[in-house]
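See below for data.txt, which holds compact mmCIF, C-alpha atoms.
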# COMPACT_ATOMS: atom_id res chain seq x y z
CA MET A 219 23.00 21.43 7.13
CA ASP A 220 19.33 22.52 7.31
CA ALA A 221 16.53 21.74 4.85
CA ALA A 222 17.00 25.00 2.94
CA ASP A 223 20.69 24.31 2.33
CA THR A 224 19.90 20.75 1.29
CA ALA A 225 17.26 21.93 -1.17
CA ALA A 226 19.63 24.48 -2.64
CA ASP A 227 22.36 21.89 -3.11
CA ALA A 228 19.89 19.53 -4.70
CA ALA A 229 18.71 22.20 -7.13
CA THR A 230 22.29 22.88 -8.16
CA ALA A 231 22.91 19.17 -8.61
CA ALA A 232 20.05 18.96 -11.09
CA ASP A 233 22.21 20.78 -13.64
CA ALA A 234 24.96 18.18 -13.20
CA GLY A 235 22.69 15.32 -14.26
CA PRO A 236 20.67 12.63 -12.52
CA ALA A 237 23.61 10.77 -10.99
CA ALA A 238 24.64 13.75 -8.89
CA PHE A 239 21.10 14.32 -7.72
CA ALA A 240 20.13 10.75 -6.85
CA PRO A 241 19.05 10.38 -3.19
CA GLU A 242 21.51 7.51 -2.74
CA ALA A 243 24.34 9.81 -3.85
CA VAL A 244 23.31 12.81 -1.76
CA ALA A 245 22.15 10.98 1.40
CA SER A 246 25.00 8.81 2.65
CA GLU A 247 24.47 5.42 4.19
CA ALA A 248 26.24 6.75 7.26
CA ALA A 249 23.40 9.22 7.76
CA LEU A 250 21.04 6.25 8.14
CA ALA A 251 23.44 4.61 10.61
CA LEU A 252 23.60 1.41 8.58
CA THR A 253 25.79 -1.41 9.80
CA ASP A 254 28.27 -3.15 7.52
CA GLU A 255 25.92 -6.11 7.30
CA GLN A 256 23.01 -3.88 6.29
CA ARG A 257 25.12 -2.19 3.61
CA LYS A 258 26.02 -5.62 2.26
CA ILE A 259 22.34 -6.62 2.17
CA ARG A 260 21.52 -3.47 0.22
CA ARG A 261 24.33 -3.83 -2.31
CA THR A 262 23.73 -7.53 -2.93
CA LEU A 263 19.99 -7.13 -3.34
CA ARG A 264 20.39 -4.12 -5.62
CA ASP A 265 22.72 -6.09 -7.89
CA VAL A 266 20.33 -9.03 -8.14
CA LEU A 267 17.33 -6.82 -8.85
CA ALA A 268 19.25 -4.86 -11.47
CA GLU A 269 19.78 -8.14 -13.36
CA ARG A 270 16.22 -9.46 -13.17
CA THR A 271 13.85 -6.48 -12.97
CA GLY A 272 12.85 -3.54 -15.12
CA PRO A 273 9.69 -2.35 -16.94
CA GLU A 274 9.73 -5.22 -19.45
CA GLU A 275 10.77 -7.89 -16.96
CA ASN A 276 8.16 -6.77 -14.45
CA HIS A 277 5.44 -6.79 -17.11
CA ALA A 278 6.35 -10.33 -18.11
CA ALA A 279 6.41 -11.45 -14.46
CA THR A 280 2.94 -10.03 -13.70
CA ALA A 281 1.54 -11.89 -16.72
CA THR A 282 2.46 -15.29 -15.23
CA PRO A 283 -0.11 -17.35 -13.31
CA GLU A 284 1.74 -16.56 -10.07
CA GLY A 285 1.92 -12.82 -10.77
CA TYR A 286 5.67 -12.76 -10.14
CA ASP A 287 8.89 -14.40 -11.36
CA PRO A 288 9.22 -17.70 -9.41
CA GLU A 289 12.90 -18.03 -10.28
CA LEU A 290 13.66 -14.56 -8.95
CA TRP A 291 11.66 -15.27 -5.79
CA ALA A 292 13.55 -18.53 -5.26
CA ARG A 293 16.81 -16.62 -5.51
CA LEU A 294 15.67 -13.78 -3.24
CA SER A 295 14.26 -16.06 -0.55
CA GLY A 296 16.19 -19.30 -0.81
CA THR A 297 19.61 -17.94 -1.76
CA LEU A 298 19.62 -14.47 -0.22
CA GLY A 299 17.29 -15.27 2.69
CA LEU A 300 15.03 -12.29 2.08
CA ALA A 301 11.84 -13.92 3.39
CA GLY A 302 13.51 -14.82 6.69
CA LEU A 303 15.47 -11.65 7.42
CA ALA A 304 13.33 -10.67 10.40
CA LEU A 305 12.13 -14.13 11.46
CA PRO A 306 13.62 -16.02 14.44
CA ALA A 307 16.93 -17.76 13.95
CA GLU A 308 15.63 -20.94 15.62
CA TYR A 309 13.55 -21.61 12.49
CA GLY A 310 16.34 -20.75 10.08
CA GLY A 311 15.65 -17.02 9.83
CA GLY A 312 18.16 -14.21 10.04
CA GLY A 313 16.76 -12.67 13.23
CA HIS A 314 17.90 -9.24 12.03
CA GLY A 315 14.79 -7.29 12.98
CA PRO A 316 12.66 -4.75 11.11
CA ALA A 317 15.51 -2.45 10.01
CA ALA A 318 17.10 -5.11 7.77
CA LEU A 319 13.76 -6.06 6.25
CA ALA A 320 12.99 -2.38 5.65
CA LEU A 321 16.25 -2.09 3.68
CA ALA A 322 15.19 -5.03 1.53
CA CYS A 323 11.74 -3.55 0.98
CA GLU A 324 13.27 -0.23 -0.06
CA GLU A 325 15.26 -2.01 -2.76
CA THR A 326 12.29 -4.01 -4.06
CA GLY A 327 10.30 -0.77 -4.04
CA ARG A 328 12.94 0.97 -6.19
CA THR A 329 12.34 -1.51 -8.99
CA LEU A 330 8.62 -2.16 -8.29
CA ALA A 331 9.60 -5.83 -8.35
CA PRO A 332 6.53 -8.08 -8.08
CA SER A 333 7.08 -10.75 -5.43
CA PRO A 334 5.31 -12.50 -2.51
CA LEU A 335 7.51 -10.61 -0.02
CA LEU A 336 4.77 -8.34 1.32
CA ALA A 337 2.01 -10.93 1.57
CA THR A 338 4.22 -13.74 2.88
CA ALA A 339 7.05 -12.26 4.96
CA VAL A 340 5.47 -9.00 6.10
CA LEU A 341 1.80 -9.86 6.69
CA ALA A 342 1.46 -13.62 7.20
CA ALA A 343 4.71 -14.91 8.70
CA PRO A 344 4.67 -12.58 11.76
CA LEU A 345 1.16 -13.77 12.59
CA ILE A 346 2.25 -17.41 12.39
CA ALA A 347 5.22 -16.60 14.63
CA ALA A 348 3.07 -14.69 17.13
CA LEU A 349 0.00 -16.95 17.33
CA GLY A 350 0.95 -20.39 15.98
CA THR A 351 1.37 -23.44 18.14
CA PRO A 352 4.92 -24.77 18.49
CA ALA A 353 4.06 -27.48 15.94
CA GLN A 354 2.62 -24.97 13.47
CA ARG A 355 5.62 -22.66 13.78
CA ALA A 356 8.07 -25.55 13.37
CA GLU A 357 6.25 -26.78 10.28
CA LEU A 358 5.47 -23.50 8.50
CA LEU A 359 8.17 -20.93 9.29
CA PRO A 360 11.13 -22.89 7.87
CA ARG A 361 9.19 -23.29 4.62
CA VAL A 362 8.42 -19.58 4.52
CA ILE A 363 12.08 -18.80 5.13
CA ASP A 364 13.41 -21.06 2.36
CA GLY A 365 10.83 -19.74 -0.10
CA SER A 366 8.97 -23.00 -0.62
CA LEU A 367 5.77 -21.70 1.04
CA THR A 368 3.96 -18.52 0.07
CA CYS A 369 1.13 -17.11 2.17
CA ALA A 370 -1.66 -14.56 1.98
CA LEU A 371 -3.78 -12.82 4.63
CA ALA A 372 -7.49 -12.83 3.79
CA VAL A 373 -9.88 -10.52 5.64
CA PRO A 374 -13.54 -9.99 4.68
CA GLY A 375 -15.05 -6.91 3.16
CA GLY A 376 -11.83 -5.48 1.76
CA SER A 377 -11.11 -4.12 5.25
CA LEU A 378 -7.39 -4.91 5.38
CA ALA A 379 -6.40 -1.49 6.71
CA LEU A 380 -8.98 -1.72 9.51
CA ALA A 381 -8.17 -5.35 10.34
CA LEU A 382 -4.52 -4.33 10.78
CA GLY A 383 -5.53 -1.39 12.97
CA LEU A 384 -4.02 1.18 10.58
CA THR A 385 -7.06 3.35 9.96
CA GLY A 386 -9.19 2.52 13.00
CA ASP A 387 -9.54 0.45 16.15
CA ASN A 388 -9.89 -3.15 14.96
CA THR A 389 -11.62 -4.07 18.23
CA ALA A 390 -14.38 -1.49 17.84
CA GLU A 391 -16.07 -2.81 14.68
CA HIS A 392 -17.28 -6.23 13.58
CA TRP A 393 -15.24 -6.12 10.37
CA SER A 394 -14.83 -9.91 10.33
CA GLY A 395 -18.58 -10.50 10.59
CA GLY A 396 -21.15 -10.65 13.34
CA GLY A 397 -23.79 -13.03 14.61
CA ARG A 398 -24.86 -15.51 11.95
CA ALA A 399 -24.25 -13.42 8.83
CA GLY A 400 -21.77 -11.09 7.22
CA GLY A 401 -18.04 -11.29 6.76
CA ILE A 402 -16.56 -14.77 7.10
CA GLN A 403 -18.11 -17.15 9.59
CA ALA A 404 -16.25 -20.03 11.25
CA ARG A 405 -18.04 -22.94 12.84
CA ALA A 406 -16.77 -25.96 14.68
CA VAL A 407 -17.61 -29.48 13.56
CA ALA A 408 -16.78 -32.97 14.70
CA ASP A 409 -13.21 -33.93 13.79
CA GLY A 410 -13.27 -35.14 10.23
CA GLY A 411 -17.02 -34.44 10.01
CA THR A 412 -18.87 -32.78 7.16
CA GLY A 413 -20.12 -29.96 9.30
CA GLY A 414 -23.83 -30.17 8.64
CA ARG A 415 -25.91 -27.32 10.05
CA ASP A 416 -28.22 -27.90 12.98
CA GLY A 417 -29.59 -24.40 13.40
CA SER A 418 -27.87 -23.65 16.69
CA GLY A 419 -27.61 -19.97 17.52
CA ASP A 420 -23.83 -19.75 17.48
CA GLY A 421 -23.24 -21.96 14.44
CA SER A 422 -21.04 -24.30 16.45
CA GLY A 423 -23.18 -27.42 16.11
CA GLY A 424 -23.60 -27.55 19.90
CA ARG A 425 -19.95 -28.45 20.48
CA ASP A 426 -17.23 -26.90 22.58
CA GLU A 427 -15.42 -24.79 19.96
CA SER A 428 -12.14 -24.62 21.81
CA LYS A 429 -11.96 -28.42 21.88
CA ALA A 430 -13.10 -28.76 18.30
CA GLY A 431 -10.39 -26.38 17.18
CA SER A 432 -7.57 -28.16 18.96
CA GLY A 433 -5.18 -30.22 16.92
CA GLY A 434 -5.81 -28.11 13.82
CA ARG A 435 -9.10 -29.85 12.87
CA GLY A 436 -12.82 -29.38 13.11
CA TRP A 437 -13.54 -26.00 11.50
CA ARG A 438 -15.41 -24.86 8.41
CA LEU A 439 -15.38 -21.37 6.92
CA TYR A 440 -18.14 -19.64 4.99
CA GLY A 441 -17.89 -16.19 3.43
CA GLU A 442 -15.85 -14.06 1.08
CA ALA A 443 -12.72 -11.93 1.22
CA ALA A 444 -11.86 -9.40 -1.49
CA GLN A 445 -8.56 -7.77 -2.45
CA VAL A 446 -6.44 -10.54 -0.94
CA LEU A 447 -2.84 -9.76 -1.87
CA ASP A 448 -1.38 -12.76 -3.74
CA GLY A 449 -4.52 -14.66 -2.79
CA HIS A 450 -4.78 -16.34 -6.19
CA SER A 451 -1.42 -18.10 -5.92
CA ALA A 452 -0.52 -18.41 -2.23
CA ASP A 453 0.11 -21.93 -0.93
CA LEU A 454 -1.41 -21.05 2.46
CA LEU A 455 -4.23 -18.66 3.32
CA LEU A 456 -4.53 -17.04 6.75
CA VAL A 457 -8.21 -16.22 7.03
CA ALA A 458 -9.73 -13.91 9.63
CA ALA A 459 -13.19 -15.16 10.56
CA HIS A 460 -15.88 -14.49 13.12
CA THR A 461 -17.15 -17.22 15.41
CA GLY A 462 -19.14 -17.70 18.59
CA GLY A 463 -22.37 -16.04 17.51
CA PHE A 464 -23.45 -13.24 19.85
CA ALA A 465 -22.71 -14.90 23.17
CA ARG A 466 -19.02 -15.64 22.53
CA SER A 467 -18.37 -13.30 19.63
CA ARG A 468 -14.72 -13.16 18.62
CA THR A 469 -12.36 -13.07 15.65
CA LEU A 470 -9.92 -15.91 15.08
CA LEU A 471 -7.34 -16.71 12.41
CA PHE A 472 -7.49 -19.93 10.43
CA LEU A 473 -5.15 -21.76 8.08
CA VAL A 474 -6.56 -22.89 4.74
CA ARG A 475 -3.93 -25.05 3.08
CA GLY A 476 -3.62 -25.35 -0.66
CA ARG A 477 -3.18 -28.74 -2.27
CA ASP A 478 -3.08 -30.31 -5.70
CA GLY A 479 -6.52 -30.52 -7.23
CA GLY A 480 -7.84 -27.68 -5.09
CA ILE A 481 -9.80 -27.59 -1.85
CA PRO A 482 -13.54 -28.34 -1.74
CA GLY A 483 -15.42 -25.15 -1.04
CA LEU A 484 -12.54 -22.80 -1.93
CA VAL A 485 -12.68 -20.60 -5.05
CA ARG A 486 -9.96 -18.05 -5.79
CA THR A 487 -10.39 -15.52 -8.59
CA ARG A 488 -7.60 -13.18 -9.60
CA GLY A 489 -8.86 -9.63 -9.95
CA THR A 490 -7.91 -6.63 -12.05
CA ALA A 491 -5.41 -4.57 -10.07
CA LEU A 492 -4.65 -0.87 -10.39
CA ASP A 493 -0.99 -1.76 -9.85
CA LEU A 494 -0.17 -4.98 -11.69
CA THR A 495 2.78 -5.60 -9.36
CA ARG A 496 0.27 -5.83 -6.47
CA PRO A 497 -1.92 -8.71 -7.70
CA HIS A 498 -4.93 -9.56 -5.58
CA ALA A 499 -7.81 -12.00 -5.64
CA THR A 500 -11.30 -12.61 -4.36
CA VAL A 501 -11.42 -15.65 -2.07
CA GLU A 502 -14.75 -17.46 -1.71
CA LEU A 503 -15.19 -19.99 1.08
CA ARG A 504 -18.16 -22.34 1.01
CA ASP A 505 -17.78 -24.65 4.00
CA ALA A 506 -14.06 -24.88 3.30
CA GLU A 507 -12.01 -26.98 5.69
CA ALA A 508 -9.72 -24.93 7.94
CA GLU A 509 -7.34 -25.26 10.85
CA LEU A 510 -7.26 -22.91 13.80
CA LEU A 511 -4.04 -20.89 14.00
CA GLY A 512 -2.74 -21.29 17.54
CA GLU A 513 -4.92 -22.07 20.50
CA GLU A 514 -7.61 -20.26 22.41
CA PRO A 515 -7.55 -17.92 24.18
CA ALA A 516 -5.37 -15.71 21.98
CA ASP A 517 -5.12 -11.98 21.41
CA VAL A 518 -5.76 -12.20 17.68
CA LEU A 519 -6.79 -8.57 17.26
CA GLY A 520 -3.73 -7.38 19.16
CA ALA A 521 -1.46 -9.52 16.98
CA LEU A 522 -3.11 -8.14 13.84
CA ALA A 523 -2.60 -4.55 15.04
CA ALA A 524 1.07 -5.16 15.93
CA THR A 525 1.63 -6.78 12.54
CA GLY A 526 -0.09 -3.85 10.88
CA ARG A 527 2.18 -1.27 12.49
CA THR A 528 5.28 -3.21 11.44
CA ALA A 529 3.85 -3.75 7.96
CA ALA A 530 3.35 0.01 7.70
CA VAL A 531 7.12 0.46 8.12
CA MET A 532 7.83 -2.02 5.32
CA LEU A 533 5.26 -0.41 3.04
CA ALA A 534 6.80 2.97 3.82
CA ALA A 535 10.24 1.60 2.94
CA GLU A 536 8.90 0.31 -0.38
CA ALA A 537 7.32 3.69 -1.08
CA VAL A 538 10.54 5.52 -0.19
CA GLY A 539 12.51 3.31 -2.57
CA ALA A 540 9.96 3.88 -5.31
CA ALA A 541 9.94 7.64 -4.66
CA GLY A 542 13.74 7.75 -4.88
CA ALA A 543 13.66 5.92 -8.20
CA ALA A 544 10.87 8.14 -9.51
CA LEU A 545 12.90 11.19 -8.51
CA ASP A 546 15.92 9.84 -10.42
CA ARG A 547 13.80 9.48 -13.51
CA ALA A 548 12.26 12.92 -13.11
CA ILE A 549 15.77 14.39 -12.99
CA ALA A 550 16.59 12.49 -16.17
CA GLY A 551 13.82 14.49 -17.79
CA LEU A 552 15.86 17.64 -17.11
CA GLY A 553 19.14 16.25 -18.45
CA PRO A 554 20.90 18.07 -21.30
CA ALA A 555 19.60 15.63 -23.90
CA ALA A 556 16.01 15.97 -22.66
CA ARG A 557 15.73 19.74 -22.33
CA PRO A 558 16.42 21.33 -25.76
CA GLY A 559 14.16 24.25 -26.52
CA ARG A 560 12.75 24.56 -22.99
CA PRO A 561 12.60 28.09 -21.60
CA ALA A 562 15.14 28.86 -18.90
CA GLY A 563 12.38 29.94 -16.50
CA SER A 564 10.60 26.61 -16.93
CA LEU A 565 13.78 24.70 -16.14
CA GLN A 566 14.45 26.77 -13.04
CA ALA A 567 10.90 26.18 -11.76
CA ALA A 568 11.28 22.45 -12.37
CA ARG A 569 14.60 22.35 -10.52
CA SER A 570 13.03 24.13 -7.56
CA THR A 571 10.13 21.67 -7.49
CA LEU A 572 12.48 18.69 -7.63
CA ALA A 573 14.55 20.13 -4.80
CA ASP A 574 11.41 20.31 -2.66
CA LEU A 575 10.53 16.74 -3.61
CA TYR A 576 14.01 15.59 -2.66
CA VAL A 577 13.50 17.00 0.84
CA ARG A 578 10.13 15.21 1.10
CA VAL A 579 11.63 11.89 0.04
CA GLU A 580 14.50 12.21 2.53
CA ALA A 581 12.12 13.18 5.33
CA ALA A 582 10.04 10.07 4.58
CA ARG A 583 13.18 7.93 4.55
CA SER A 584 14.28 9.28 7.93
CA LEU A 585 10.85 8.67 9.46
CA THR A 586 10.79 5.14 8.06
CA TYR A 587 14.12 4.07 9.52
CA CYS A 588 13.41 5.77 12.84
CA ALA A 589 10.21 3.70 13.04
CA ALA A 590 12.07 0.54 11.99
CA ARG A 591 14.44 0.97 14.93
CA GLU A 592 11.74 1.51 17.55
CA PRO A 593 12.02 -1.07 20.33
CA GLY A 594 9.28 -3.58 20.93
CA SER A 595 6.69 -4.99 18.56
CA GLY A 596 4.43 -2.88 16.42
CA PRO A 597 6.31 0.43 16.04
CA GLU A 598 4.00 3.37 16.65
CA GLY A 599 5.82 5.47 14.04
CA GLY A 600 4.99 3.06 11.21
CA PRO A 601 1.65 4.55 10.10
CA LEU A 602 3.04 8.10 10.20
CA ALA A 603 6.03 7.06 8.11
CA LEU A 604 3.72 5.33 5.64
CA ALA A 605 1.54 8.42 5.26
CA GLN A 606 4.61 10.58 4.60
CA ALA A 607 6.11 8.06 2.16
CA LEU A 608 2.94 7.57 0.14
CA GLU A 609 2.49 11.32 -0.27
CA ALA A 610 6.15 11.71 -1.30
CA LEU A 611 5.81 8.93 -3.86
CA SER A 612 2.59 10.31 -5.28
CA ALA A 613 4.02 13.82 -5.62
CA THR A 614 7.33 12.65 -7.10
CA ALA A 615 5.73 10.30 -9.61
CA GLY A 616 3.22 12.98 -10.59
CA GLU A 617 6.02 15.44 -11.27
CA GLY A 618 7.79 12.79 -13.35
CA VAL A 619 4.67 12.37 -15.49
CA ARG A 620 4.52 16.14 -16.04
CA LEU A 621 8.21 16.57 -16.85
CA HIS A 622 8.48 13.69 -19.30
CA GLY A 623 5.33 14.58 -21.20
CA GLY A 624 2.66 12.35 -22.64
CA GLY A 625 3.46 9.31 -24.71
CA THR A 626 7.14 8.98 -23.81
CA ALA A 627 8.75 5.94 -22.20
CA GLY A 628 9.68 8.09 -19.19
CA GLU A 629 6.08 9.19 -18.75
CA ARG A 630 4.82 5.60 -18.89
CA GLU A 631 7.38 4.53 -16.31
CA ALA A 632 6.43 7.43 -14.04
CA ARG A 633 2.82 6.30 -14.22
CA HIS A 634 3.84 2.87 -12.86
CA PHE A 635 5.19 4.60 -9.75
CA TYR A 636 2.07 6.72 -9.46
CA ARG A 637 -0.15 3.64 -9.64
CA ARG A 638 1.86 2.02 -6.84
CA ALA A 639 1.16 5.02 -4.58
CA ALA A 640 -2.54 5.05 -5.48
CA SER A 641 -2.89 1.29 -5.00
CA ASP A 642 -1.24 1.33 -1.58
CA GLU A 643 -3.45 4.22 -0.46
CA LEU A 644 -6.53 2.26 -1.48
CA LEU A 645 -5.37 -0.87 0.34
CA PHE A 646 -3.74 0.61 3.44
CA GLY A 647 -4.76 4.27 3.68
CA PRO A 648 -5.57 6.95 2.86
CA ALA A 649 -2.74 9.03 4.32
CA ARG A 650 -5.04 11.33 6.29
CA ARG A 651 -6.64 8.37 8.07
CA LEU A 652 -3.24 6.82 8.79
CA ARG A 653 -2.23 10.07 10.50
CA ALA A 654 -5.52 10.37 12.36
CA ARG A 655 -5.29 6.84 13.76
CA ALA A 656 -1.63 7.30 14.73
CA ALA A 657 -2.52 10.52 16.56
CA GLU A 658 -5.38 8.73 18.32
CA ARG A 659 -3.18 5.84 19.43
CA THR A 660 -0.38 8.03 20.74
CA GLY A 661 -2.78 10.35 22.57
CA LEU A 662 -1.78 13.44 20.62
CA PHE A 663 -5.30 14.85 20.84
CA GLY A 664 -6.54 13.03 23.92
CA GLU A 665 -6.32 9.73 25.75
CA VAL A 666 -4.18 6.93 24.34
CA ALA A 667 -6.30 4.47 22.35
CA ALA A 668 -6.23 0.68 22.67

Rewrite the structure from the file as structure tokens, please.
Amino acid sequence: MDAADTAADAATAADAGPAAFAPEAVASEAALALTDEQRKIRRTLRDVLAERTGPEENHAATATPEGYDPELWARLSGTLGLAGLALPAEYGGGGHGPAALALACEETGRTLAPSPLLATAVLAAPLIAALGTPAQRAELLPRVIDGSLTCALAVPGGSLALALGLTGDNTAEHWSGGGRAGGIQARAVADGGTGGRDGSGDGSGGRDESKAGSGGRGWRLYGEAAQVLDGHSADLLLVAAHTGGFARSRTLLFLVRGRDGGIPGLVRTRGTALDLTRPHATVELRDAEAELLGEEPADVLGALAATGRTAAVMLAAEAVGAAGAALDRAIAGLGPAARPGRPAGSLQAARSTLADLYVRVEAARSLTYCAAREPGSGPEGGPLALAQALEALSATAGEGVRLHGGGTAGEREARHFYRRAASDELLFGPARRLRARAAERTGLFGEVAA
């Protein structure tokens, strides 16, 4: 069946009501080549989310100090093992790989469920697994997997997309800072020392930084990171900072651990988010104590880029799930009870538009799961899938707003989906730059980039 036939069938299904038109009803699980285990993950997660999420439940969850429902997160991570789906089995994870986690993200995206899944399991945990020392991995990953530890990735200057290599080469710009100023600066101090400044050119206090950083001690961070996802509530911050001055300039990752009573030199301020289900914070570090993640030398920028490409797949899966749900609701706006008095020509035009949107959503879903099944780390198809998914979500939610009309409950719900698309583009895009960077990396218009 080609795209034209699919669109025609979808347009016909619009007259039969939203259930017949829903992407999950039209696109079979077999078409996605899901295993029995993956189907079980999807069904179980969908049932749990149906019980605990919805417009009112999500609003109440975002109003909590955490920005999400802790009880729901405990059930998703501790009981269902959501946080550890793709993490190694040796630490208690499922070891299922990106495809299983993408399925989970699609379901959380359908309901716009606020949770630490993205910040903790998608952004932070893979970096701990890739760069952490054996002791750090053994301590932190089991706690991430059982849901008792939440994490956030903090990068300076609001440059998350660049730091993850999604919209540019993260090795080509000093996004983490440079020299003595800008971004977030890390300096080595004597173990257990206060870290007083001595005016040395590299800010290291005249010590061997690699030795000072060993054992997880002897570092202080100074600077600020904005738009840190879940940064106001995370138990553990992974902070990207510049060190080494000009002579040994490099970016490293540091652990800033939360504790009762706060941390001297650390101030976290929750910000106003476009999408309330994506809470973020400004993190200020004023000589805050930190621990080096892993050991030097380490390919920190490479690990960030690989994590970014995998994160793009998960973000695309979330956007696909949200687009599918927004399409369901747009169809509901054409149901028999919602269309009295509308001209026949207007209904036909709307059905044609929704048929086109259905094809866009399914194309984005196919790209997402193809990328999720790419071998190796950091799937190259992730950014392309994310660009396609964000555009599909934006278009579908926008059509839902138009069909439902102003002031209705359906219109307000459609706007929630639209804000998710806009928020993700601001944080991880825009779509045109995602495509441009993907083309650059794969050598579509020239040599393959780093």

For the point (7.7, 19.0, -17.2) in the file's frame, write as number ranges by chain all residues with an atom no more than 9 Å away, counting all atoms listed in the file. A: 548, 551-552, 564-565, 568, 617-623

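Separating CA of Gly463 (chain A) from CA of Gly520 (chain A) is a distance of 20.6 Å.
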
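Considering all atoms listed in the file, the residue among A:Val266, A:Leu290, A:Gly312, A:Asp642 positioned nearest to Leu492 (chain A) is A:Asp642.
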
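Closest approach to Ala499 (chain A) among A:Val362, A:Val373, A:Leu608, A:Leu380 is made by A:Val373 (distances from all atoms listed in the file).
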
Need to verify the contact set: region 482-489 of chain A, 7 Å, only C-alpha atoms, exclusion of same-chain residues closer than 2 positions in sequence. Can you return it as number ranges by chain? A: 450, 480, 491, 498-506

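Every protein, DNA or RNA residue with an atom at most 7 Å from region 347-351 of chain A, where only C-alpha atoms count and chain neighbours fewer than 6 positions away do not, is listed here: Leu511, Gly512, Glu513 and Ala521 of chain A.
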
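Near region 631-635 of chain A, within 8 Å and counting all atoms listed in the file, sit A:Pro273, A:Leu330, A:Asp493, A:Ala540, A:Ala541, A:Ala544, A:Arg547, A:Leu611, A:Ser612, A:Ala615, A:Gly616, A:Gly618, A:Val619, A:Ala627, A:Gly628, A:Arg638, A:Ala639; same-chain residues fewer than 3 positions away were not included.
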
Shell around Ala459 (chain A) at 7 Å using all atoms listed in the file, local window under 3 positions removed, as a ChimeraX atom specification: /A:394,402-404,469-471

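Checking A:Ile549, A:Leu335, A:Ala543, A:Ala535 one by one against Ala581 (chain A), counting all atoms listed in the file, you find the shortest gap at A:Ala535.
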
If I take CA of Arg260 (chain A) and CA of Thr525 (chain A), how far is one from the other in Å, to one decimal? 23.6 Å

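Residues lying within 12 Å of (12.5, 5.7, 15.7). Counted over all atoms listed in the file, they are A:Leu250, A:Pro316, A:Ala317, A:Val531, A:Arg583, A:Ser584, A:Leu585, A:Thr586, A:Tyr587, A:Cys588, A:Ala589, A:Ala590, A:Arg591, A:Glu592, A:Pro593, A:Gly594, A:Gly596, A:Pro597, A:Glu598, A:Gly599, A:Gly600, A:Leu602, A:Ala603.
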
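If all atoms listed in the file are the atoms counted, then among A:Ala657, A:Ala516, A:Ala343, A:Leu439 the closest residue to Gly401 (chain A) is A:Leu439.
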
If I take CA of Gly526 (chain A) and CA of Ser595 (chain A), how far is one from the other in Å, to one decimal? 10.3 Å

So which residues touch Thr326 (chain A) within 12 Å, counting only C-alpha atoms, skipping near sequence neighbours fewer than 2 positions away, as a PyMOL selection string? chain A and resi 260+263-268+270-272+276+290-291+294+300+319-324+328-336+495+532-543

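The closest residue to Arg475 (chain A), picked from A:Leu367, A:Leu494, A:Ala381, A:Ala550 and counting all atoms listed in the file, is A:Leu367.
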
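You can rank A:Arg293, A:Arg569, A:Arg361, A:Lys258 by their closest distance to Leu545 (chain A) using all atoms listed in the file, and at the top of that list sits A:Arg569.
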